[in-house]
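Peer 1: Contents of data_28.cif (mmCIF, C-alpha atoms and all ligand atoms) are below:
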data_protein
#
loop_
_atom_site.label_atom_id
_atom_site.label_comp_id
_atom_site.auth_asym_id
_atom_site.auth_seq_id
_atom_site.Cartn_x
_atom_site.Cartn_y
_atom_site.Cartn_z
CA THR V 1 46.73 35.08 -1.05
CA THR V 2 45.57 37.15 1.89
CA THR V 3 44.80 35.24 5.06
CA ASP V 4 41.53 35.81 6.92
CA LYS V 5 43.08 37.84 9.68
CA ASN V 6 44.30 40.35 7.15
CA ARG V 7 40.84 40.82 5.65
CA LEU V 8 38.99 43.88 6.84
CA ARG V 9 35.75 42.72 8.45
CA ILE V 10 32.73 44.99 8.14
CA ALA V 11 29.40 44.35 9.91
CA ILE V 12 26.24 45.35 8.08
CA GLN V 13 22.55 44.67 8.67
CA LYS V 14 21.47 41.36 7.17
CA SER V 15 17.94 42.41 6.32
CA GLY V 16 15.99 45.54 7.13
CA ARG V 17 15.96 49.22 6.43
CA LEU V 18 19.74 49.67 6.23
CA SER V 19 20.74 46.49 4.41
CA ASP V 20 20.09 47.41 0.75
CA GLU V 21 21.72 50.83 1.05
CA SER V 22 24.73 49.40 2.91
CA GLN V 23 25.30 46.79 0.22
CA SER V 24 24.77 49.17 -2.65
CA LEU V 25 27.21 51.66 -1.11
CA PHE V 26 29.92 49.00 -1.10
CA LYS V 27 29.03 47.77 -4.58
CA ARG V 28 29.41 51.31 -5.87
CA CYS V 29 32.83 51.37 -4.21
CA GLY V 30 33.70 48.56 -6.63
CA MET V 31 33.27 45.58 -4.30
CA LYS V 32 32.22 42.31 -5.89
CA ILE V 33 30.21 40.85 -3.05
CA ASN V 34 29.48 37.15 -3.04
CA LEU V 35 26.08 37.06 -1.33
CA ALA V 36 24.60 34.08 -3.15
CA ASP V 37 25.22 31.58 -0.37
CA ARG V 38 23.52 33.63 2.41
CA ARG V 39 26.22 32.89 4.91
CA LEU V 40 27.15 34.99 7.94
CA LEU V 41 30.33 36.14 6.18
CA ALA V 42 30.18 37.36 2.60
CA HIS V 43 33.54 37.41 0.87
CA VAL V 44 34.42 40.35 -1.31
CA ALA V 45 36.01 38.72 -4.35
CA ASN V 46 38.22 41.58 -5.50
CA MET V 47 39.33 43.18 -2.19
CA PRO V 48 40.62 41.80 1.14
CA ILE V 49 37.27 42.51 2.82
CA ASP V 50 34.57 40.32 4.38
CA LEU V 51 31.08 41.55 5.15
CA MET V 52 29.42 40.11 8.24
CA LEU V 53 25.64 40.06 7.88
CA VAL V 54 23.94 40.43 11.27
CA ARG V 55 21.11 42.08 13.19
CA SER V 56 21.51 45.82 13.36
CA SER V 57 21.32 45.69 17.17
CA ASP V 58 24.36 43.38 17.27
CA ILE V 59 26.59 45.74 15.27
CA PRO V 60 27.69 48.21 18.00
CA GLY V 61 28.82 45.37 20.27
CA LEU V 62 30.62 43.49 17.48
CA VAL V 63 32.62 46.62 16.62
CA MET V 64 33.27 47.72 20.22
CA ASP V 65 34.47 44.22 21.12
CA GLY V 66 36.75 44.09 18.07
CA VAL V 67 34.99 41.13 16.44
CA CYS V 68 34.45 43.35 13.42
CA ASP V 69 36.74 46.19 12.36
CA LEU V 70 34.01 48.42 10.95
CA GLY V 71 30.23 48.57 10.88
CA ILE V 72 27.32 50.44 9.39
CA VAL V 73 24.59 51.18 11.91
CA GLY V 74 22.07 53.88 12.80
CA ASP V 75 23.22 56.54 15.27
CA ASN V 76 20.19 55.61 17.38
CA THR V 77 21.30 52.00 17.83
CA LEU V 78 24.91 53.02 18.32
CA GLU V 79 24.23 55.64 20.97
CA GLU V 80 21.74 53.47 22.88
CA HIS V 81 24.25 50.62 23.03
CA ALA V 82 27.13 52.91 24.00
CA LEU V 83 25.09 54.30 26.92
CA GLU V 84 24.03 50.79 27.95
CA ARG V 85 27.61 49.53 27.88
CA GLU V 86 28.85 52.48 29.92
CA LEU V 87 26.40 51.48 32.63
CA THR V 88 27.62 47.89 32.64
CA ASN V 89 31.30 48.91 32.44
CA GLU V 90 31.83 47.25 29.07
CA ASN V 91 34.01 48.88 26.43
CA SER V 92 31.92 51.47 24.63
CA ASP V 93 34.67 53.13 22.54
CA TYR V 94 34.42 53.57 18.80
CA ASP V 95 35.29 56.13 16.14
CA LYS V 96 32.70 57.48 13.79
CA ILE V 97 34.46 57.54 10.42
CA MET V 98 31.61 59.29 8.66
CA SER V 99 27.92 59.89 8.61
CA LEU V 100 26.24 58.30 5.57
CA LYS V 101 23.33 59.65 3.59
CA PHE V 102 20.65 57.11 4.33
CA GLY V 103 18.59 55.72 7.20
CA ALA V 104 17.50 59.17 8.34
CA CYS V 105 14.90 59.17 11.10
CA ARG V 106 14.14 60.80 14.41
CA LEU V 107 13.49 59.37 17.86
CA SER V 108 10.36 61.04 19.16
CA ILE V 109 7.96 60.96 22.06
CA ALA V 110 4.36 60.50 20.93
CA LEU V 111 1.12 60.55 22.89
CA PRO V 112 -2.45 59.52 22.11
CA GLU V 113 -4.22 62.26 20.09
CA GLU V 114 -6.65 62.85 22.96
CA THR V 115 -3.94 63.40 25.60
CA GLU V 116 -3.50 67.10 26.24
CA TYR V 117 0.10 68.24 25.82
CA GLN V 118 1.43 71.37 27.50
CA GLY V 119 5.17 71.13 27.08
CA ILE V 120 7.97 68.89 28.29
CA GLN V 121 7.04 69.16 31.98
CA SER V 122 3.70 67.48 31.34
CA LEU V 123 5.63 64.30 30.45
CA ASP V 124 6.93 64.00 34.01
CA GLY V 125 6.01 60.65 35.58
CA MET V 126 4.62 59.18 32.38
CA ARG V 127 5.11 55.55 31.46
CA LEU V 128 6.50 55.29 27.94
CA ALA V 129 6.99 52.23 25.77
CA THR V 130 10.34 52.26 23.98
CA THR V 131 13.24 50.29 22.54
CA TYR V 132 15.53 53.14 23.59
CA PRO V 133 15.38 53.50 27.40
CA ARG V 134 18.91 54.97 27.67
CA LEU V 135 18.38 57.74 25.12
CA LEU V 136 15.03 58.49 26.73
CA THR V 137 16.57 58.60 30.23
CA ARG V 138 19.25 61.00 28.99
CA PHE V 139 16.56 63.25 27.55
CA GLY V 140 14.71 63.09 30.88
CA ASN V 141 17.85 63.96 32.86
CA ASP V 142 18.64 66.87 30.54
CA ASN V 143 15.16 68.24 31.08
CA ASN V 144 14.74 67.39 34.74
CA ILE V 145 11.88 64.96 34.28
CA LYS V 146 11.44 61.30 35.12
CA PHE V 147 9.84 58.57 33.04
CA GLU V 148 8.79 55.04 33.67
CA PHE V 149 9.52 52.58 30.90
CA CYS V 150 8.05 49.64 29.25
CA LYS V 151 10.84 48.20 27.11
CA LEU V 152 9.57 46.66 23.89
CA ASN V 153 11.60 45.51 20.91
CA GLY V 154 8.74 45.77 18.44
CA SER V 155 5.12 46.94 18.05
CA VAL V 156 5.91 49.87 20.32
CA GLU V 157 3.14 51.95 18.73
CA VAL V 158 0.34 49.72 20.01
CA ALA V 159 1.39 49.97 23.68
CA PRO V 160 -0.84 52.95 24.63
CA ARG V 161 -3.92 51.40 23.04
CA VAL V 162 -3.59 48.17 25.00
CA GLY V 163 -2.94 50.02 28.25
CA LEU V 164 0.75 49.18 28.55
CA ALA V 165 1.88 52.78 28.53
CA ASP V 166 0.79 56.45 28.46
CA GLY V 167 2.77 57.08 25.31
CA ILE V 168 5.76 55.92 23.29
CA CYS V 169 9.27 56.93 22.35
CA ASP V 170 10.02 55.47 18.92
CA LEU V 171 11.65 56.11 15.57
CA VAL V 172 9.69 58.14 13.08
CA SER V 173 10.38 58.81 9.43
CA THR V 174 7.20 59.70 7.53
CA GLY V 175 4.85 59.79 10.54
CA THR V 176 2.42 57.36 8.92
CA THR V 177 2.76 54.75 11.68
CA LEU V 178 2.00 57.27 14.43
CA GLU V 179 -1.03 58.55 12.56
CA ALA V 180 -2.34 55.06 11.87
CA ASN V 181 -2.19 54.36 15.61
CA GLY V 182 -3.86 57.58 16.76
CA LEU V 183 -0.65 59.06 18.16
CA LYS V 184 0.78 62.58 17.88
CA GLU V 185 4.47 63.45 17.92
CA VAL V 186 5.18 65.88 20.78
CA GLU V 187 8.98 65.95 21.21
CA VAL V 188 11.87 64.99 18.95
CA ILE V 189 14.62 63.75 21.26
CA TYR V 190 17.25 62.50 18.80
CA GLN V 191 18.05 62.82 15.08
CA SER V 192 19.66 59.80 13.45
CA LYS V 193 21.34 58.62 10.25
CA ALA V 194 23.36 55.58 9.31
CA ALA V 195 27.05 55.90 10.19
CA LEU V 196 30.26 54.09 9.32
CA ILE V 197 32.05 53.27 12.56
CA GLN V 198 35.39 51.76 13.49
CA GLY V 199 36.45 50.00 16.69
CA SER V 200 39.06 51.60 18.92
CA GLN V 201 41.58 48.76 18.50
CA PRO V 202 44.46 49.57 16.10
CA LEU V 203 44.28 47.81 12.73
CA SER V 204 47.06 45.66 11.27
CA ALA V 205 49.10 47.36 8.54
CA GLU V 206 47.32 45.26 5.89
CA LYS V 207 43.85 46.20 7.11
CA GLN V 208 44.80 49.84 7.49
CA LYS V 209 45.96 49.85 3.88
CA THR V 210 42.62 48.42 2.77
CA LEU V 211 40.76 51.02 4.82
CA ASN V 212 42.86 53.84 3.39
CA THR V 213 41.80 52.75 -0.10
CA LEU V 214 38.16 52.28 0.87
CA ILE V 215 37.49 55.63 2.57
CA PRO V 216 38.09 57.89 -0.45
CA ARG V 217 35.92 55.57 -2.54
CA ILE V 218 33.04 55.87 -0.06
CA GLU V 219 33.49 59.64 -0.02
CA GLY V 220 33.37 59.61 -3.82
CA VAL V 221 30.12 57.62 -3.84
CA LEU V 222 28.54 59.97 -1.28
CA LYS V 223 29.63 63.04 -3.28
CA ALA V 224 28.17 61.59 -6.47
CA LYS V 225 24.82 61.21 -4.68
CA GLU V 226 24.62 64.93 -3.85
O1 LIG S 1 18.43 44.42 12.37
P1 LIG S 1 17.57 44.52 13.60
O2 LIG S 1 16.36 43.68 13.52
O3 LIG S 1 18.38 44.39 14.86
O4 LIG S 1 17.12 46.07 13.69
P2 LIG S 1 15.74 46.79 13.53
O5 LIG S 1 14.61 45.89 13.82
O6 LIG S 1 15.83 48.10 14.26
O7 LIG S 1 15.81 47.08 11.99
P3 LIG S 1 15.07 48.09 11.04
O8 LIG S 1 15.41 47.61 9.68
O9 LIG S 1 13.64 48.29 11.41
O10 LIG S 1 15.78 49.51 11.35
C1 LIG S 1 17.14 49.65 11.14
C2 LIG S 1 17.51 51.13 11.28
O11 LIG S 1 16.87 51.90 10.26
C3 LIG S 1 17.07 51.81 12.56
O12 LIG S 1 17.92 51.51 13.65
C4 LIG S 1 17.15 53.28 12.17
O13 LIG S 1 18.48 53.74 12.30
C5 LIG S 1 16.79 53.26 10.68
N1 LIG S 1 15.41 53.76 10.42
C6 LIG S 1 15.12 54.80 9.60
C7 LIG S 1 14.25 53.29 10.92
C8 LIG S 1 13.23 54.08 10.40
N2 LIG S 1 13.80 55.00 9.57
C9 LIG S 1 11.86 53.80 10.76
N3 LIG S 1 10.95 54.50 10.30
N4 LIG S 1 13.98 52.26 11.76
C10 LIG S 1 12.71 52.00 12.06
N5 LIG S 1 11.64 52.71 11.61
C11 LIG S 1 10.27 52.23 12.02
C12 LIG S 1 9.80 52.82 13.34
O14 LIG S 1 10.30 52.06 14.43
C13 LIG S 1 8.28 52.71 13.20
O15 LIG S 1 7.84 51.39 13.48
O16 LIG S 1 9.30 52.58 11.08
C14 LIG S 1 8.09 52.96 11.72
C15 LIG S 1 7.84 54.44 11.51
O17 LIG S 1 7.98 54.80 10.17
P4 LIG S 1 7.03 55.93 9.56
O18 LIG S 1 7.54 56.13 8.17
O19 LIG S 1 5.64 55.39 9.57
O20 LIG S 1 7.18 57.18 10.38
#
The structure in this file should be written as C-alpha cells.

Peer 2:
Amino acid sequence: TTTDKNRLRIAIQKSGRLSDESQSLFKRCGMKINLADRRLLAHVANMPIDLMLVRSSDIPGLVMDGVCDLGIVGDNTLEEHALERELTNENSDYDKIMSLKFGACRLSIALPEETEYQGIQSLDGMRLATTYPRLLTRFGNDNNIKFEFCKLNGSVEVAPRVGLADGICDLVSTGTTLEANGLKEVEVIYQSKAALIQGSQPLSAEKQKTLNTLIPRIEGVLKAKE
C-alpha cells in the first residue's frame, strides 16, 4: 500500500464556480473520487492521489507553501495572491502546468451608468471597491494612474450605490450582474481562466510518477472537449 506522503495531493475548490468542473475533469481522467463523506481530504480509490477540498482563495498559498503538490485555481486568484506574497516576502513561486478550459472571466473596472467616461486617465484618483487590490494597483502603475481602494470580499457591485466607492473592479462573465446594478464596464484589466498549478518544491519519485501519468490524461480530456 502507498503511504500518505507518497500520495499526490491536489487542492481544488470545495464549492463554487470551479468545483464541479475540477471534479469532473479528474473523474474523466479515470479517478474514482470518494466524496461521500465530505471531508477535507477526498481519497482517490484507484490512484495514489488525494484531493483537498478548500476555499479557492486558500489554494495559491497551500501550493506555494508546499502543503499541496498541485492545485486548480483561477488565474485571477493566483496572480493576486502571488503579488500579495511578494510584498510580504513570502514564497510566491509556482509553475503553471497548464491552462484549463473553464472558469473564463475578466477582471474589469466598472462605473455607474451616469458617470461620464473619457478614457483611462479619467479614472485617476477614483475610489474603487475590489477584491483584487494588487491586480488593480499593477494596472494603475502600468497606466500612470492612482486609485484608492475599498477592499471587499463580496457584494462588490453594490459599493457605488451605497456610497462606498466611485466604481468597482470585479470579475465579469456575462455582464448581467453589472447591468442589474446600473454599472457599465469601462476597462478590462485582466483575462482569467482556471489553471493547474504546481508548487516549486521537487516531488518525490513516487509522486512524480503519478504526475507523469496524470498529465497526458488531463491533456486527453481537454483535447476531447475541443
Ligand atoms: O472558494 P472561495 O469562496 O474562496 O472563492 P470565490 O468566492 O471567489 O468563489 P467563486 O466560486 O465565486 O469563484 C471562483 C472562481 O471562478 C473565480 O476566482 C474566477 O476565477 C472564476 N469565475 C468565472 C468567476 C466568474 N466567472 C464570475 N462571474 N468568479 C466570480 N464571478 C462573479 C463576479 O464576481 C460577479 O459577482 O459573478 C458575478 C458576475 O457574473 P456575470 O455573469 O453576471 O457577469

Peer 1: Report as a Markdown table: every residue of chain V with an atom at most 10 Å from ligand LIG 1 (chain S), its closest pair of atoms, and their distance in Å to one decimal, counting only C-alpha atoms and all ligand atoms, with rows sorted by chain and ascending residue number.

Peer 2:
| residue | atom | partner | partner_atom | distance |
| --- | --- | --- | --- | --- |
| V:Ile12 | CA | S:LIG1 | O1 | 9.0 |
| V:Gln13 | CA | S:LIG1 | O1 | 5.5 |
| V:Lys14 | CA | S:LIG1 | O1 | 6.8 |
| V:Ser15 | CA | S:LIG1 | O1 | 6.4 |
| V:Gly16 | CA | S:LIG1 | O8 | 3.3 |
| V:Arg17 | CA | S:LIG1 | O8 | 3.7 |
| V:Leu18 | CA | S:LIG1 | O11 | 5.4 |
| V:Ser19 | CA | S:LIG1 | O8 | 7.6 |
| V:Leu53 | CA | S:LIG1 | O1 | 9.5 |
| V:Val54 | CA | S:LIG1 | O1 | 6.9 |
| V:Arg55 | CA | S:LIG1 | O1 | 3.7 |
| V:Ser56 | CA | S:LIG1 | O1 | 3.5 |
| V:Ser57 | CA | S:LIG1 | O3 | 4.0 |
| V:Asp58 | CA | S:LIG1 | O3 | 6.5 |
| V:Ile59 | CA | S:LIG1 | O3 | 8.3 |
| V:Ile72 | CA | S:LIG1 | O13 | 9.9 |
| V:Val73 | CA | S:LIG1 | O13 | 6.6 |
| V:Gly74 | CA | S:LIG1 | O13 | 3.6 |
| V:Asp75 | CA | S:LIG1 | O13 | 6.3 |
| V:Asn76 | CA | S:LIG1 | O13 | 5.7 |
| V:Thr77 | CA | S:LIG1 | O12 | 5.4 |
| V:Leu78 | CA | S:LIG1 | O12 | 8.5 |
| V:Phe102 | CA | S:LIG1 | C6 | 8.0 |
| V:Gly103 | CA | S:LIG1 | C6 | 4.3 |
| V:Ala104 | CA | S:LIG1 | C6 | 5.1 |
| V:Cys105 | CA | S:LIG1 | N2 | 4.6 |
| V:Arg106 | CA | S:LIG1 | N2 | 7.6 |
| V:Leu107 | CA | S:LIG1 | O14 | 8.7 |
| V:Thr130 | CA | S:LIG1 | O14 | 9.6 |
| V:Thr131 | CA | S:LIG1 | O14 | 8.8 |
| V:Asn153 | CA | S:LIG1 | O5 | 7.7 |
| V:Gly154 | CA | S:LIG1 | O5 | 7.5 |
| V:Ser155 | CA | S:LIG1 | O15 | 6.9 |
| V:Val156 | CA | S:LIG1 | O15 | 7.3 |
| V:Glu157 | CA | S:LIG1 | O15 | 7.1 |
| V:Cys169 | CA | S:LIG1 | O14 | 9.4 |
| V:Asp170 | CA | S:LIG1 | O14 | 5.6 |
| V:Leu171 | CA | S:LIG1 | C12 | 4.4 |
| V:Val172 | CA | S:LIG1 | O20 | 3.8 |
| V:Ser173 | CA | S:LIG1 | O20 | 3.7 |
| V:Thr174 | CA | S:LIG1 | O18 | 3.6 |
| V:Gly175 | CA | S:LIG1 | O20 | 3.5 |
| V:Thr176 | CA | S:LIG1 | O19 | 3.8 |
| V:Thr177 | CA | S:LIG1 | O19 | 3.6 |
| V:Leu178 | CA | S:LIG1 | O19 | 6.4 |
| V:Glu179 | CA | S:LIG1 | O19 | 8.0 |
| V:Ala180 | CA | S:LIG1 | O19 | 8.3 |
| V:Asn181 | CA | S:LIG1 | O19 | 9.9 |
| V:Gln191 | CA | S:LIG1 | O13 | 9.5 |
| V:Ser192 | CA | S:LIG1 | O13 | 6.3 |
| V:Lys193 | CA | S:LIG1 | O13 | 6.0 |
| V:Ala194 | CA | S:LIG1 | O13 | 6.0 |
| V:Ala195 | CA | S:LIG1 | O13 | 9.1 |

Peer 1: Mind pulling up the distance from atom CA of V:Lys5 to atom CA of V:Cys29?

Peer 2: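 Here the two named atoms are 21.9 Å from each other.
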
Peer 1: With distances taken over all atoms listed in the file, which of V:Arg134, V:Lys223, V:Arg217, V:Lys146 is nearest to V:Ala82?

Peer 2: V:Arg134

Peer 1: Let me make sure I understand: among V:Phe139, V:Leu35, V:Phe26, V:Ile49, which one has the smallest atom-to-atom distance to V:Glu206 if we use only C-alpha atoms?

Peer 2: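 Using only C-alpha atoms, V:Glu206 sits closest to V:Ile49.
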
Peer 1: Mind giving me the straight-line distance from atom CA of V:Lys209 to atom CA of V:Val67 in Å, one decimal?

Peer 2: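 Going from atom CA of V:Lys209 over to atom CA of V:Val67, I get 18.8 Å.
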
Peer 1: Can you work out which one of V:Ser122, V:Gln201, V:Ser22, V:Asn143 has the shortest atom-to-atom distance to V:Cys68, counting all atoms listed in the file?

Peer 2: V:Gln201
